[in-house]
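Q: Next up, structure25.csv (CSV, C-alpha atoms and all ligand atoms).
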chain,number,residue,atom,x,y,z
A,29,MET,CA,2.4,4.2,-20.8
A,30,SER,CA,1.9,3.9,-24.6
A,31,ASN,CA,0.0,5.9,-27.1
A,32,THR,CA,-2.2,4.7,-30.0
A,33,GLU,CA,-3.8,6.6,-32.8
A,34,THR,CA,-7.7,6.5,-32.9
A,35,LYS,CA,-9.8,6.5,-36.1
A,36,SER,CA,-10.2,10.3,-35.8
A,37,GLY,CA,-6.4,10.6,-35.8
A,38,MET,CA,-6.2,11.7,-32.2
A,39,LEU,CA,-3.6,10.2,-29.9
A,40,GLN,CA,-5.0,8.4,-27.0
A,41,VAL,CA,-3.0,7.5,-23.9
A,42,GLN,CA,-3.5,3.9,-22.9
A,43,ASN,CA,-3.2,2.8,-19.3
A,44,ARG,CA,-0.6,0.3,-20.2
A,45,ILE,CA,3.0,0.0,-19.0
A,46,GLU,CA,5.3,-1.9,-21.2
A,47,PRO,CA,7.8,-3.8,-19.0
A,48,ALA,CA,11.4,-3.5,-20.0
A,49,GLN,CA,13.6,-6.5,-19.6
A,50,HIS,CA,15.4,-5.1,-16.5
A,51,GLU,CA,12.1,-4.5,-14.7
A,52,VAL,CA,10.9,-8.0,-15.5
A,53,LEU,CA,14.2,-9.4,-14.2
A,54,ALA,CA,14.1,-7.3,-11.0
A,55,LEU,CA,10.6,-8.5,-10.1
A,56,GLU,CA,11.6,-12.1,-10.9
A,57,THR,CA,14.6,-11.7,-8.6
A,58,LEU,CA,12.3,-10.6,-5.8
A,59,ARG,CA,9.8,-13.4,-6.6
A,60,GLN,CA,12.6,-15.9,-6.2
A,61,GLY,CA,13.5,-14.6,-2.7
A,62,ALA,CA,16.4,-12.2,-3.2
A,63,LEU,CA,16.3,-8.6,-2.2
A,64,ILE,CA,16.3,-5.8,-4.8
A,65,SER,CA,16.9,-2.1,-4.3
A,66,ASP,CA,14.1,0.5,-4.3
A,67,LYS,CA,15.7,2.0,-7.3
A,68,GLN,CA,15.4,-1.3,-9.2
A,69,PHE,CA,11.8,-1.8,-8.1
A,70,ASP,CA,10.6,1.8,-8.7
A,71,ARG,CA,11.5,1.4,-12.4
A,72,VAL,CA,8.1,-0.3,-12.9
A,73,TYR,CA,6.6,3.2,-12.3
A,74,PRO,CA,6.4,6.2,-14.6
A,75,LEU,CA,9.5,8.3,-14.4
A,76,GLU,CA,7.8,11.4,-13.0
A,77,LEU,CA,6.4,9.4,-10.0
A,78,ARG,CA,9.7,7.6,-9.0
A,79,ASP,CA,11.0,10.6,-7.0
A,80,LEU,CA,8.0,10.2,-4.6
A,81,SER,CA,9.1,6.8,-3.6
A,82,HIS,CA,11.5,7.8,-0.8
A,83,ARG,CA,8.9,9.8,1.1
A,84,HIS,CA,5.6,8.1,0.1
A,85,TRP,CA,6.0,4.4,-0.8
A,86,THR,CA,7.1,1.6,1.4
A,87,PRO,CA,10.8,0.5,0.9
A,88,VAL,CA,11.1,-3.0,-0.5
A,89,ARG,CA,12.8,-4.5,2.6
A,90,VAL,CA,10.1,-3.0,4.9
A,91,ALA,CA,7.4,-4.4,2.7
A,92,ARG,CA,8.9,-7.8,2.7
A,93,ARG,CA,9.2,-7.9,6.4
A,94,ALA,CA,5.7,-6.6,7.0
A,95,ALA,CA,4.2,-9.0,4.4
A,96,SER,CA,6.0,-12.1,5.9
A,97,PHE,CA,4.2,-11.3,9.3
A,98,LEU,CA,0.8,-10.4,7.8
A,99,ALA,CA,0.6,-13.4,5.4
A,100,CYS,CA,-0.3,-16.2,7.8
A,101,THR,CA,-1.6,-18.7,5.2
A,102,PRO,CA,-2.2,-18.7,1.4
A,103,ASP,CA,-5.8,-17.8,2.1
A,104,THR,CA,-5.0,-14.7,4.1
A,105,ARG,CA,-6.4,-11.5,2.6
A,106,VAL,CA,-4.3,-8.5,3.4
A,107,LEU,CA,-5.6,-4.9,3.1
A,108,ASP,CA,-3.2,-2.0,2.5
A,109,VAL,CA,-5.2,1.1,3.8
A,110,GLY,CA,-4.1,3.9,1.4
A,111,SER,CA,-2.2,1.8,-1.2
A,112,GLY,CA,-0.7,4.6,-3.4
A,113,LEU,CA,1.1,3.1,-6.3
A,114,GLY,CA,0.7,-0.4,-4.8
A,115,LYS,CA,4.3,-1.0,-3.8
A,116,PHE,CA,3.5,-2.8,-0.6
A,117,CYS,CA,0.9,-5.1,-2.2
A,118,LEU,CA,3.1,-5.8,-5.2
A,119,VAL,CA,6.1,-6.7,-3.0
A,120,GLY,CA,3.9,-8.7,-0.6
A,121,ALA,CA,2.3,-10.7,-3.5
A,122,LEU,CA,5.7,-11.4,-5.0
A,123,THR,CA,7.3,-12.6,-1.8
A,124,THR,CA,4.5,-14.5,0.0
A,125,MET,CA,1.5,-16.7,-0.9
A,126,ALA,CA,-1.3,-14.4,0.5
A,127,HIS,CA,-3.7,-12.2,-1.4
A,128,TYR,CA,-3.2,-8.4,-1.3
A,129,PHE,CA,-5.8,-5.7,-1.8
A,130,GLY,CA,-5.0,-2.0,-1.8
A,131,VAL,CA,-7.6,0.7,-1.3
A,132,GLU,CA,-6.6,4.1,-2.7
A,133,GLN,CA,-8.7,7.3,-2.9
A,134,ARG,CA,-6.6,8.8,-5.8
A,135,LYS,CA,-7.8,7.1,-9.0
A,136,SER,CA,-4.6,7.9,-11.0
A,137,LEU,CA,-2.5,6.0,-8.4
A,138,ALA,CA,-4.9,3.0,-8.2
A,139,ASP,CA,-5.0,2.8,-12.0
A,140,ILE,CA,-1.2,2.7,-12.2
A,141,ALA,CA,-1.0,0.1,-9.5
A,142,THR,CA,-3.5,-2.1,-11.4
A,143,ALA,CA,-1.6,-1.6,-14.7
A,144,VAL,CA,1.7,-2.6,-13.1
A,145,ALA,CA,0.1,-5.7,-11.5
A,146,ARG,CA,-1.4,-6.8,-14.8
A,147,GLN,CA,1.7,-6.1,-16.8
A,148,HIS,CA,3.9,-8.2,-14.5
A,149,GLY,CA,1.4,-10.9,-13.9
A,150,VAL,CA,1.0,-10.2,-10.2
A,151,SER,CA,-2.5,-11.6,-9.9
A,152,ARG,CA,-2.6,-11.7,-6.1
A,153,ALA,CA,-2.4,-7.9,-5.9
A,154,GLN,CA,-5.6,-6.0,-6.6
A,155,PHE,CA,-6.5,-2.4,-6.2
A,156,LEU,CA,-9.7,-0.5,-5.5
A,157,ASN,CA,-10.2,3.2,-6.1
A,158,MET,CA,-12.3,4.4,-3.1
A,159,ASN,CA,-12.1,6.0,0.3
A,160,MET,CA,-11.1,3.4,2.9
A,161,ALA,CA,-13.9,4.8,5.1
A,162,GLU,CA,-16.5,3.5,2.6
A,163,MET,CA,-15.1,0.0,2.4
A,164,ASP,CA,-16.2,-3.1,4.2
A,165,TRP,CA,-13.1,-4.5,6.1
A,166,SER,CA,-14.7,-7.6,7.4
A,167,GLY,CA,-13.2,-9.9,4.7
A,168,PHE,CA,-9.6,-9.2,5.6
A,169,GLN,CA,-7.5,-10.9,8.3
A,170,SER,CA,-4.5,-8.6,8.1
A,171,PHE,CA,-4.0,-4.8,7.7
A,172,TYR,CA,-1.1,-2.6,6.6
A,173,PHE,CA,-0.7,1.1,7.2
A,174,TYR,CA,2.0,3.5,6.1
A,175,ASN,CA,0.9,6.5,8.0
A,176,PRO,CA,-1.9,7.1,5.4
A,177,PHE,CA,-3.5,10.2,6.9
A,178,GLN,CA,-0.4,12.2,7.6
A,179,GLU,CA,-1.3,14.6,4.7
A,180,GLN,CA,-4.4,15.7,6.7
A,181,VAL,CA,-2.2,17.4,9.2
A,182,ASP,CA,1.1,18.0,7.4
A,183,PRO,CA,1.1,20.0,4.2
A,184,THR,CA,4.6,18.7,3.3
A,185,ALA,CA,3.1,15.1,3.1
A,186,ARG,CA,0.5,16.0,0.5
A,187,LEU,CA,0.9,14.3,-2.9
A,188,ASP,CA,-1.3,17.0,-4.5
A,189,ASP,CA,-4.0,19.4,-3.7
A,190,SER,CA,-6.9,17.4,-5.0
A,191,LEU,CA,-8.5,16.4,-1.7
A,192,PRO,CA,-9.8,18.3,1.4
A,193,CYS,CA,-7.4,18.0,4.4
A,194,SER,CA,-8.1,18.9,8.0
A,195,LEU,CA,-7.3,17.8,11.5
A,196,GLN,CA,-11.0,17.0,12.0
A,197,LEU,CA,-11.0,14.6,9.0
A,198,CYS,CA,-7.8,13.0,10.2
A,199,GLU,CA,-9.3,12.4,13.7
A,200,LEU,CA,-12.5,11.0,12.0
A,201,TYR,CA,-10.5,8.6,9.9
A,202,LEU,CA,-8.4,7.4,12.9
A,203,ALA,CA,-11.5,6.9,15.1
A,204,LEU,CA,-13.0,4.8,12.3
A,205,VAL,CA,-9.7,2.7,12.0
A,206,HIS,CA,-9.7,2.2,15.8
A,207,ALA,CA,-13.3,1.0,15.8
A,208,ARG,CA,-12.8,-1.4,12.9
A,209,LEU,CA,-9.6,-2.9,14.4
A,210,ALA,CA,-11.4,-3.2,17.8
A,211,ALA,CA,-14.2,-5.1,16.1
A,212,ALA,CA,-11.8,-7.5,14.3
A,213,PRO,CA,-11.6,-11.0,15.6
A,214,ALA,CA,-8.7,-12.6,17.5
A,215,GLY,CA,-5.9,-13.6,15.2
A,216,THR,CA,-6.1,-10.3,13.2
A,217,ARG,CA,-2.6,-9.0,12.3
A,218,VAL,CA,-1.6,-5.3,11.8
A,219,ALA,CA,1.6,-3.8,10.5
A,220,ALA,CA,2.2,-0.1,10.8
A,221,TYR,CA,5.2,1.7,9.2
A,222,HIS,CA,5.7,5.2,10.7
A,223,GLY,CA,2.5,4.5,12.7
A,224,ILE,CA,-1.1,4.7,11.8
A,225,GLY,CA,-1.4,8.4,12.5
A,226,LEU,CA,-1.2,10.9,15.4
A,227,GLY,CA,0.3,8.3,17.7
A,228,LEU,CA,-3.0,6.3,17.6
A,229,GLN,CA,-3.2,3.7,20.4
A,230,MET,CA,-4.1,0.3,19.3
A,231,PRO,CA,-7.5,-1.0,20.7
A,232,GLU,CA,-7.4,-3.4,23.7
A,233,GLY,CA,-6.6,-7.0,22.9
A,234,TYR,CA,-3.7,-6.3,20.5
A,235,GLU,CA,-0.2,-7.4,21.5
A,236,LEU,CA,2.9,-5.7,20.1
A,237,VAL,CA,4.9,-8.5,18.6
A,238,SER,CA,7.8,-6.4,17.3
A,239,ASP,CA,8.8,-2.7,17.1
A,240,HIS,CA,12.1,-2.2,15.2
A,241,PRO,CA,13.7,0.7,13.2
A,242,VAL,CA,13.8,-0.2,9.5
A,243,GLY,CA,14.0,2.1,6.5
A,244,THR,CA,13.3,5.7,7.6
A,245,GLY,CA,11.0,4.8,10.5
A,246,ASN,CA,9.8,2.0,12.8
A,247,LEU,CA,7.8,-1.0,11.7
A,248,GLN,CA,5.4,-2.2,14.4
A,249,LEU,CA,3.8,-5.6,14.2
A,250,TRP,CA,0.6,-6.3,16.2
A,251,LEU,CA,-1.4,-9.5,16.8
A,252,LYS,CA,-4.9,-9.5,18.3
A,253,ILE,CA,-4.9,-12.1,21.0
A,254,GLN,CA,-8.5,-11.7,22.4
A,301,LIG,C1,2.1,7.2,2.5
A,301,LIG,S1,1.2,6.7,1.1
A,301,LIG,C2,1.5,4.9,1.3
A,301,LIG,C3,1.3,4.1,0.0
A,301,LIG,C4,1.4,2.6,0.2
A,301,LIG,N1,0.7,2.1,1.3
A,301,LIG,C5,2.8,2.2,0.3
A,301,LIG,O1,3.2,2.0,1.4
A,301,LIG,O2,3.6,2.1,-0.7
A,301,LIG,C6,-0.5,6.9,1.7
A,301,LIG,C7,-1.6,6.8,0.6
A,301,LIG,O3,-2.8,6.7,1.3
A,301,LIG,C8,-3.8,7.3,0.5
A,301,LIG,N2,-4.9,7.7,1.3
A,301,LIG,C9,-5.0,8.6,2.3
A,301,LIG,N3,-6.2,8.7,2.9
A,301,LIG,C10,-7.0,7.7,2.3
A,301,LIG,C11,-8.3,7.3,2.4
A,301,LIG,N4,-9.1,7.9,3.3
A,301,LIG,N5,-8.8,6.4,1.6
A,301,LIG,C12,-8.0,5.8,0.7
A,301,LIG,N6,-6.7,6.1,0.5
A,301,LIG,C13,-6.2,7.1,1.3
A,301,LIG,C14,-3.1,8.5,-0.1
A,301,LIG,O4,-3.7,8.9,-1.3
A,301,LIG,C15,-1.7,7.9,-0.4
A,301,LIG,O5,-1.6,7.4,-1.7
Please re-express this file's structure in structure tokens.
Ligand SMILES: C[S@@+](CC[C@H](N)C(=O)[O-])C[C@H]1O[C@@H](n2cnc3c(N)ncnc32)[C@H](O)[C@@H]1O
A:
Amino acid sequence: MSNTETKSGMLQVQNRIEPAQHEVLALETLRQGALISDKQFDRVYPLELRDLSHRHWTPVRVARRAASFLACTPDTRVLDVGSGLGKFCLVGALTTMAHYFGVEQRKSLADIATAVARQHGVSRAQFLNMNMAEMDWSGFQSFYFYNPFQEQVDPTARLDDSLPCSLQLCELYLALVHARLAAAPAGTRVAAYHGIGLGLQMPEGYELVSDHPVGTGNLQLWLKIQ
């Protein structure tokens, strides 16, 4: 982030992140197909948010693997449900040809994700600040979940205390996700790292293509066949 002085002499924080040379190089390395560490990637984020990465943001190697499954063609639109600082979408856009959209209810996180994407020229990653429940999912062919509603039922998973949390809200969100995935057409792809929430069973018609331990949990890949 950088500061500028306004006419009135007050300092104003701008939503810009100046990329240092090592960050540019790290993302370029990833773009060219080599793996980088999470520590290298996370330097694109403000210092005070990097410590959250291990628990809350998808590891680079998990994101690469999930994205390579979800990105069928260059026209594929992938939605990350609860995109946080945008790590999954950024890695996906840097390592595949598809288009990535993140929906994130916390404005501060969506703003940083947008700033990082702009600063590093990752034009195929875009972020929307809203509740995923209020969004139309019909324009997407693939979906990514990193256990986004865990904070509803597990206080240790909360990023902050800014939002109401309850088991009822979690169940409501999961019912909505289930209904939307059930209504999606054949060919829809879903990747879930650490699950979607509360052991949610996928709707009928989805075939489990892969279920492997990676990072700190399992990555499940699903394909809707009918
Ligand atoms: C575990 S983090 C995952 C972040 C990102 N998908 C990644 O893998 O790097 C879950 C995120 O989901 C967001 N979230 C939870 N419920 C949401 C909702 N109903 N609508 C939009 N975002 C939500 C949280 O604010 C949090 O940033």
Q: In the coordinate frame of the file, compute which residues have an atom within 10 Å of (-0.6, 0.4, -9.1) when using only C-alpha atoms, and state them as a list in words.
A: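 Residues lying no farther than 10 Å from the given point: Val72, Tyr73, Ser111, Gly112, Leu113, Gly114, Lys115, Phe116, Cys117, Leu118, Gly130, Glu132, Lys135, Ser136, Leu137, Ala138, Asp139, Ile140, Ala141, Thr142, Ala143, Val144, Ala145, Arg146, Ala153, Gln154, Phe155 and Leu156 of chain A.
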Q: Could you list, as a list in words, all residues that come within 7 Å of ligand LIG 301 (chain A)? Count all atoms listed in the file.
A: His84, Trp85, Thr86, Asp108, Val109, Gly110, Ser111, Gly112, Leu113, Gly114, Lys115, Phe116, Val131, Glu132, Gln133, Arg134, Leu137, Met158, Asn159, Met160, Ala161, Phe173, Tyr174, Asn175, Pro176, Phe177 and Tyr201 of chain A
Q: Can you work out which one of A:His222, A:Arg186, A:Arg59, A:His148 has the shortest atom-to-atom distance to A:Thr123, counting only C-alpha atoms?
A: A:Arg59
Q: Name the closest residue to A:Lys252 among the candidates A:Leu80, A:Ala220, A:Ala210, A:Leu228; distances are taken between atoms, counting only C-alpha atoms.
A: A:Ala210
Q: Which is closer to A:Tyr172 than all the others in A:Leu77, A:Val218, A:Ala203, A:Leu195, using all atoms listed in the file?
A: A:Val218
Q: If you measure from atom CA of A:Cys100 to atom CA of A:Leu53, what distance in Å do you get, rounded to one decimal?
A: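 Taking atom CA of A:Cys100 as the start and atom CA of A:Leu53 as the end point, the length is 27.2 Å.
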Q: Which is closest to A:Pro102 among A:Gln169, A:Ser65, A:Arg89, A:Val181, if we use only C-alpha atoms?
A: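 Going through A:Gln169, A:Ser65, A:Arg89, A:Val181 one by one, the smallest distance to A:Pro102 is for A:Gln169.
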Q: Separation of atom CA of A:Leu209 and atom CA of A:Ala94, in Å?
A: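 Straight-line distance from atom CA of A:Leu209 to atom CA of A:Ala94 works out to 17.4 Å.
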Q: Please report the interatomic distance between atom CA of A:Leu122 and atom CA of A:Asp239 in Å with one decimal.
A: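 Separating atom CA of A:Leu122 from atom CA of A:Asp239 is a distance of 24.0 Å.
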Q: Could you check which of A:Ser238, A:Leu187, A:His127, A:Gly149 is closest to A:Ser81, using all atoms listed in the file?
A: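 The answer is A:Leu187, which sits nearest to A:Ser81.
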Q: Quick one: of A:Arg105, A:His240, A:His206, A:Arg152, who's nearest to A:Phe171, counting only C-alpha atoms?
A: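 Closest residue, counting only C-alpha atoms: A:Arg105.
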Q: Extract, using only C-alpha atoms, all DNA, RNA and protein residues at most 12 Å from A:Thr104, discarding same-chain residues fewer than 5 positions from it, and format them as an MDAnalysis selection string.
A: chainID A and resid 95:99 120:121 124:129 152 167:171 215:217
Q: For the residues in that selection, give me C-alpha atoms as an mmCIF file, keeping the file's coordinate frame.
A:
data_model
loop_
_atom_site.group_PDB
_atom_site.id
_atom_site.type_symbol
_atom_site.label_atom_id
_atom_site.label_comp_id
_atom_site.auth_asym_id
_atom_site.auth_seq_id
_atom_site.Cartn_x
_atom_site.Cartn_y
_atom_site.Cartn_z
ATOM 1 C CA ALA A 95 4.200 -9.000 4.400
ATOM 2 C CA SER A 96 6.000 -12.100 5.900
ATOM 3 C CA PHE A 97 4.200 -11.300 9.300
ATOM 4 C CA LEU A 98 0.800 -10.400 7.800
ATOM 5 C CA ALA A 99 0.600 -13.400 5.400
ATOM 6 C CA GLY A 120 3.900 -8.700 -0.600
ATOM 7 C CA ALA A 121 2.300 -10.700 -3.500
ATOM 8 C CA THR A 124 4.500 -14.500 0.000
ATOM 9 C CA MET A 125 1.500 -16.700 -0.900
ATOM 10 C CA ALA A 126 -1.300 -14.400 0.500
ATOM 11 C CA HIS A 127 -3.700 -12.200 -1.400
ATOM 12 C CA TYR A 128 -3.200 -8.400 -1.300
ATOM 13 C CA PHE A 129 -5.800 -5.700 -1.800
ATOM 14 C CA ARG A 152 -2.600 -11.700 -6.100
ATOM 15 C CA GLY A 167 -13.200 -9.900 4.700
ATOM 16 C CA PHE A 168 -9.600 -9.200 5.600
ATOM 17 C CA GLN A 169 -7.500 -10.900 8.300
ATOM 18 C CA SER A 170 -4.500 -8.600 8.100
ATOM 19 C CA PHE A 171 -4.000 -4.800 7.700
ATOM 20 C CA GLY A 215 -5.900 -13.600 15.200
ATOM 21 C CA THR A 216 -6.100 -10.300 13.200
ATOM 22 C CA ARG A 217 -2.600 -9.000 12.300
#
Q: Just the residues within 8 Å of A:Ile253, please, counting all atoms listed in the file, with nothing from its chain fewer than 5 positions along; format it as a list in words.
A: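 Once the nearby chain positions are removed, what remains is Ala214, Gly215, Gly233, Tyr234 and Glu235 of chain A.
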Q: Can you put N, CA and C atoms back into stretch 143-179 of chain A and show it as an mmCIF file, in the frame of the given file?
A:
data_model
loop_
_atom_site.group_PDB
_atom_site.id
_atom_site.type_symbol
_atom_site.label_atom_id
_atom_site.label_comp_id
_atom_site.auth_asym_id
_atom_site.auth_seq_id
_atom_site.Cartn_x
_atom_site.Cartn_y
_atom_site.Cartn_z
ATOM 1 N N ALA A 143 -2.333 -1.378 -13.390
ATOM 2 C CA ALA A 143 -1.600 -1.600 -14.700
ATOM 3 C C ALA A 143 -0.314 -2.353 -14.428
ATOM 4 N N VAL A 144 0.428 -1.980 -13.386
ATOM 5 C CA VAL A 144 1.700 -2.600 -13.100
ATOM 6 C C VAL A 144 1.459 -4.107 -12.721
ATOM 7 N N ALA A 145 0.440 -4.342 -11.873
ATOM 8 C CA ALA A 145 0.100 -5.700 -11.500
ATOM 9 C C ALA A 145 -0.202 -6.580 -12.668
ATOM 10 N N ARG A 146 -1.020 -6.036 -13.586
ATOM 11 C CA ARG A 146 -1.400 -6.800 -14.800
ATOM 12 C C ARG A 146 -0.216 -7.062 -15.679
ATOM 13 N N GLN A 147 0.555 -6.012 -15.886
ATOM 14 C CA GLN A 147 1.700 -6.100 -16.800
ATOM 15 C C GLN A 147 2.711 -7.127 -16.370
ATOM 16 N N HIS A 148 2.864 -7.256 -15.043
ATOM 17 C CA HIS A 148 3.900 -8.200 -14.500
ATOM 18 C C HIS A 148 3.275 -9.473 -14.003
ATOM 19 N N GLY A 149 1.986 -9.677 -14.263
ATOM 20 C CA GLY A 149 1.400 -10.900 -13.900
ATOM 21 C C GLY A 149 1.279 -11.163 -12.383
ATOM 22 N N VAL A 150 1.133 -10.063 -11.617
ATOM 23 C CA VAL A 150 1.000 -10.200 -10.200
ATOM 24 C C VAL A 150 -0.447 -10.298 -9.806
ATOM 25 N N SER A 151 -1.017 -11.493 -10.015
ATOM 26 C CA SER A 151 -2.500 -11.600 -9.900
ATOM 27 C C SER A 151 -2.996 -11.581 -8.492
ATOM 28 N N ARG A 152 -2.138 -11.793 -7.501
ATOM 29 C CA ARG A 152 -2.600 -11.700 -6.100
ATOM 30 C C ARG A 152 -2.499 -10.334 -5.517
ATOM 31 N N ALA A 153 -2.318 -9.332 -6.351
ATOM 32 C CA ALA A 153 -2.400 -7.900 -5.900
ATOM 33 C C ALA A 153 -3.463 -7.216 -6.696
ATOM 34 N N GLN A 154 -4.482 -6.693 -5.981
ATOM 35 C CA GLN A 154 -5.600 -6.000 -6.600
ATOM 36 C C GLN A 154 -5.827 -4.662 -5.958
ATOM 37 N N PHE A 155 -6.352 -3.715 -6.724
ATOM 38 C CA PHE A 155 -6.500 -2.400 -6.200
ATOM 39 C C PHE A 155 -7.877 -1.796 -6.435
ATOM 40 N N LEU A 156 -8.392 -1.134 -5.409
ATOM 41 C CA LEU A 156 -9.700 -0.500 -5.500
ATOM 42 C C LEU A 156 -9.571 0.965 -5.325
ATOM 43 N N ASN A 157 -10.286 1.707 -6.188
ATOM 44 C CA ASN A 157 -10.200 3.200 -6.100
ATOM 45 C C ASN A 157 -11.431 3.638 -5.282
ATOM 46 N N MET A 158 -11.223 3.852 -3.990
ATOM 47 C CA MET A 158 -12.300 4.400 -3.100
ATOM 48 C C MET A 158 -11.668 4.892 -1.822
ATOM 49 N N ASN A 159 -12.498 5.589 -1.046
ATOM 50 C CA ASN A 159 -12.100 6.000 0.300
ATOM 51 C C ASN A 159 -12.143 4.818 1.210
ATOM 52 N N MET A 160 -11.104 4.593 1.984
ATOM 53 C CA MET A 160 -11.100 3.400 2.900
ATOM 54 C C MET A 160 -12.256 3.459 3.857
ATOM 55 N N ALA A 161 -12.817 4.642 4.133
ATOM 56 C CA ALA A 161 -13.900 4.800 5.100
ATOM 57 C C ALA A 161 -15.200 4.126 4.520
ATOM 58 N N GLU A 162 -15.297 4.073 3.190
ATOM 59 C CA GLU A 162 -16.500 3.500 2.600
ATOM 60 C C GLU A 162 -16.432 2.043 2.281
ATOM 61 N N MET A 163 -15.343 1.452 2.700
ATOM 62 C CA MET A 163 -15.100 0.000 2.400
ATOM 63 C C MET A 163 -15.431 -0.874 3.533
ATOM 64 N N ASP A 164 -15.918 -2.081 3.221
ATOM 65 C CA ASP A 164 -16.200 -3.100 4.200
ATOM 66 C C ASP A 164 -14.845 -3.842 4.507
ATOM 67 N N TRP A 165 -14.381 -3.820 5.746
ATOM 68 C CA TRP A 165 -13.100 -4.500 6.100
ATOM 69 C C TRP A 165 -13.265 -5.884 6.581
ATOM 70 N N SER A 166 -14.494 -6.379 6.641
ATOM 71 C CA SER A 166 -14.700 -7.600 7.400
ATOM 72 C C SER A 166 -14.111 -8.859 6.653
ATOM 73 N N GLY A 167 -13.802 -8.747 5.370
ATOM 74 C CA GLY A 167 -13.200 -9.900 4.700
ATOM 75 C C GLY A 167 -11.732 -10.013 4.748
ATOM 76 N N PHE A 168 -11.108 -9.184 5.575
ATOM 77 C CA PHE A 168 -9.600 -9.200 5.600
ATOM 78 C C PHE A 168 -9.158 -9.665 7.009
ATOM 79 N N GLN A 169 -8.040 -10.388 6.996
ATOM 80 C CA GLN A 169 -7.500 -10.900 8.300
ATOM 81 C C GLN A 169 -6.270 -10.098 8.701
ATOM 82 N N SER A 170 -5.682 -9.332 7.789
ATOM 83 C CA SER A 170 -4.500 -8.600 8.100
ATOM 84 C C SER A 170 -4.556 -7.181 7.475
ATOM 85 N N PHE A 171 -3.928 -6.213 8.134
ATOM 86 C CA PHE A 171 -4.000 -4.800 7.700
ATOM 87 C C PHE A 171 -2.612 -4.178 7.702
ATOM 88 N N TYR A 172 -2.355 -3.363 6.673
ATOM 89 C CA TYR A 172 -1.100 -2.600 6.600
ATOM 90 C C TYR A 172 -1.359 -1.141 6.499
ATOM 91 N N PHE A 173 -0.582 -0.371 7.242
ATOM 92 C CA PHE A 173 -0.700 1.100 7.200
ATOM 93 C C PHE A 173 0.675 1.704 7.071
ATOM 94 N N TYR A 174 0.836 2.616 6.127
ATOM 95 C CA TYR A 174 2.000 3.500 6.100
ATOM 96 C C TYR A 174 1.526 4.876 6.329
ATOM 97 N N ASN A 175 1.278 5.167 7.577
ATOM 98 C CA ASN A 175 0.900 6.500 8.000
ATOM 99 C C ASN A 175 0.005 7.222 6.992
ATOM 100 N N PRO A 176 -1.145 6.622 6.602
ATOM 101 C CA PRO A 176 -1.900 7.100 5.400
ATOM 102 C C PRO A 176 -2.513 8.486 5.556
ATOM 103 N N PHE A 177 -2.775 8.940 6.790
ATOM 104 C CA PHE A 177 -3.500 10.200 6.900
ATOM 105 C C PHE A 177 -2.623 11.389 7.294
ATOM 106 N N GLN A 178 -1.323 11.184 7.180
ATOM 107 C CA GLN A 178 -0.400 12.200 7.600
ATOM 108 C C GLN A 178 -0.636 13.529 6.778
ATOM 109 N N GLU A 179 -1.052 13.375 5.504
ATOM 110 C CA GLU A 179 -1.300 14.600 4.700
ATOM 111 C C GLU A 179 -2.394 15.456 5.238
#
